[in-house]
Amino acid sequence: MRHISMEDLCERIFANAEGKKSKQRLAAAQKTLLQKLANERQGYISRNGITKWSPVKNLMTVQLGNKCWYTEAELVGADLTIDHYRPKCDYWWLAFDVTNYRIACPFANSPKHNEKHGSAGGKGDSFPLLPPGVRGTDENSIKLEHPVILDPCKKEDCDLLAFEADGRPILNPIYAPDPIARERVEKSKLFLNVDHPDFNSKREQLYHDIAEDVKAHEALPEDSQSRVDIRARMERRLAANAPFSTAARYYLQVHRHLSWVEELLKKQ
């Protein structure tokens, strides 16, 4: 899970004419929604929502690539969706609020079977809270909530995840003494399907690819073009739009005693 600054992203996606139109459409829908009676709101959202937030999804994927913000899996031959981090069924006033949008793959957003846990993951409309578990009812009260599910738009949440050599997501050892951090990571692994075997196997392959490239780089002459090619390949793995880029960074950090690795890590 790679940190995404929603403030910076919104500034970029709403900068051009197309983005400004999308922003205006969201604002108009929000204004209409606020005028609806309680029993009319969900119907209005269902009828009008996808036409308002789908263009925003497209603007976001242009900036960050065709990958899920939760799992960092790149989707090929399937559609990403807009996930409302706080579900629109309980937080209706956030239905057209772009800061509540997260790009998600079906594994993270819809129930999918996870063999490791023997049950279906995918957050859907789930949004558990840590104690005292009082759900917010407006913009101010949600600031007092303590969500269980990790949020890619909060750096401190992203920092909680680390990865084993076999690709499995784990609690970052730095936070091992924190029971709340452990609970959030363990439950998010299931809710978001971050621990799905398909993703684990791809991260495991990434671990081996990085290790092999580092070893090959060190065995080559200093002025070798192949060294340049390896460093370029590493840089692509660390890019914001690269699949599993956070795992790539974590795996590469093992080799940061090498000056060229440290230089790459500082650039990203």
# chains A, B, ... in the order shown; residues from 1 in each chain; ligands from 1
>>> residues_around(residues="Asn241 (chain A)", least_positions_apart="3", cutoff="9 Å", atoms="only C-alpha atoms", output="compact mmCIF listing (two decimals) with C-alpha atoms, in the first residue's frame")
# COMPACT_ATOMS: atom_id res chain seq x y z
CA THR A 61 -5.70 6.37 -13.17
CA GLN A 63 -1.99 10.06 -12.90
CA LEU A 64 -1.29 6.91 -10.88
CA GLY A 65 -1.64 4.03 -13.29
CA ASN A 66 -4.17 1.23 -13.64
CA LYS A 67 -3.57 -0.24 -10.20
CA GLU A 72 -1.14 -2.26 -5.49
CA GLU A 74 -2.21 -3.80 -11.62
CA ARG A 236 10.66 1.53 -12.76
CA ARG A 237 9.79 -0.95 -10.00
CA LEU A 238 9.82 1.87 -7.45
CA SER A 245 5.99 -0.63 -5.61
>>> residues_around(residues="region 5-14 of chain A", least_positions_apart="4", cutoff="10 Å", atoms="only C-alpha atoms", output="list in words")
Glu18, Gly19, Lys20, Lys21, Ser22, Lys23, Gln24, Val56, Lys57, Asn58, Leu59, Met60, Thr61, Val62, Gln63, Leu64, Val98, Thr99, Asn100, Tyr101, Arg102, Pro152, Cys153, Lys154 and Lys155 of chain A
>>> write_last_selection(atoms="C-alpha atoms", output="PDB file, in the first residue's frame")
ATOM      1  CA  GLU A  18     -11.877  18.093 -18.191  1.00  0.00           C
ATOM      2  CA  GLY A  19     -10.982  17.986 -14.515  1.00  0.00           C
ATOM      3  CA  LYS A  20     -12.755  21.243 -13.803  1.00  0.00           C
ATOM      4  CA  LYS A  21     -15.928  19.905 -15.422  1.00  0.00           C
ATOM      5  CA  SER A  22     -15.762  16.758 -13.277  1.00  0.00           C
ATOM      6  CA  LYS A  23     -15.313  18.861 -10.174  1.00  0.00           C
ATOM      7  CA  GLN A  24     -18.307  20.993 -11.103  1.00  0.00           C
ATOM      8  CA  VAL A  56     -12.845  11.110 -11.714  1.00  0.00           C
ATOM      9  CA  LYS A  57     -11.609   7.505 -11.630  1.00  0.00           C
ATOM     10  CA  ASN A  58     -10.286   7.915 -15.155  1.00  0.00           C
ATOM     11  CA  LEU A  59      -8.480  11.122 -14.239  1.00  0.00           C
ATOM     12  CA  MET A  60      -6.909   9.407 -11.236  1.00  0.00           C
ATOM     13  CA  THR A  61      -5.702   6.373 -13.169  1.00  0.00           C
ATOM     14  CA  VAL A  62      -4.058   8.637 -15.739  1.00  0.00           C
ATOM     15  CA  GLN A  63      -1.986  10.064 -12.901  1.00  0.00           C
ATOM     16  CA  LEU A  64      -1.294   6.912 -10.881  1.00  0.00           C
ATOM     17  CA  VAL A  98     -13.580  13.129  -3.928  1.00  0.00           C
ATOM     18  CA  THR A  99     -11.458  12.934  -0.770  1.00  0.00           C
ATOM     19  CA  ASN A 100     -13.434   9.793   0.160  1.00  0.00           C
ATOM     20  CA  TYR A 101     -12.611   8.050  -3.136  1.00  0.00           C
ATOM     21  CA  ARG A 102     -10.071   5.243  -3.424  1.00  0.00           C
ATOM     22  CA  PRO A 152      -3.724   4.494   1.453  1.00  0.00           C
ATOM     23  CA  CYS A 153      -4.274   8.233   1.817  1.00  0.00           C
ATOM     24  CA  LYS A 154      -2.724   8.235   5.301  1.00  0.00           C
ATOM     25  CA  LYS A 155       1.021   7.808   5.370  1.00  0.00           C
TER      26      LYS A 155
END
>>> closest_residue(among="A:Lys266, A:Glu222, A:Lys123, A:Leu150", to="Glu183 (chain A)", atoms="only C-alpha atoms")
A:Leu150
>>> residues_around(residues="Lys215 (chain A)", least_positions_apart="3", cutoff="12 Å", atoms="only C-alpha atoms", output="MDAnalysis selection string")
chainID A and resid 208:212 218:220 227 230 252 255 258 261
>>> write_last_selection(atoms="C-alpha atoms", output="compact mmCIF listing (two decimals), in the first residue's frame")
# COMPACT_ATOMS: atom_id res chain seq x y z
CA HIS A 208 13.66 -12.79 -6.19
CA ASP A 209 13.87 -10.53 -9.25
CA ILE A 210 15.27 -7.69 -7.15
CA ALA A 211 17.76 -9.93 -5.36
CA GLU A 212 18.97 -11.38 -8.65
CA GLU A 218 27.54 -6.13 -8.39
CA ALA A 219 29.17 -8.76 -10.59
CA LEU A 220 29.33 -6.45 -13.63
CA ARG A 227 24.47 -1.93 -14.88
CA ILE A 230 19.49 -2.81 -14.11
CA LEU A 252 15.39 -3.15 -2.03
CA HIS A 255 20.62 -3.69 -0.08
CA LEU A 258 25.19 -0.20 -1.69
CA VAL A 261 20.67 1.44 -4.13
>>> atom_distance(atom1="CA of Phe191 (chain A)", atom2="CA of Ala108 (chain A)")
7.1 Å
>>> atom_distance(atom1="CA of His257 (chain A)", atom2="CA of Gln225 (chain A)")
22.0 Å
>>> atom_distance(atom1="CA of Lys189 (chain A)", atom2="CA of Glu164 (chain A)")
13.7 Å
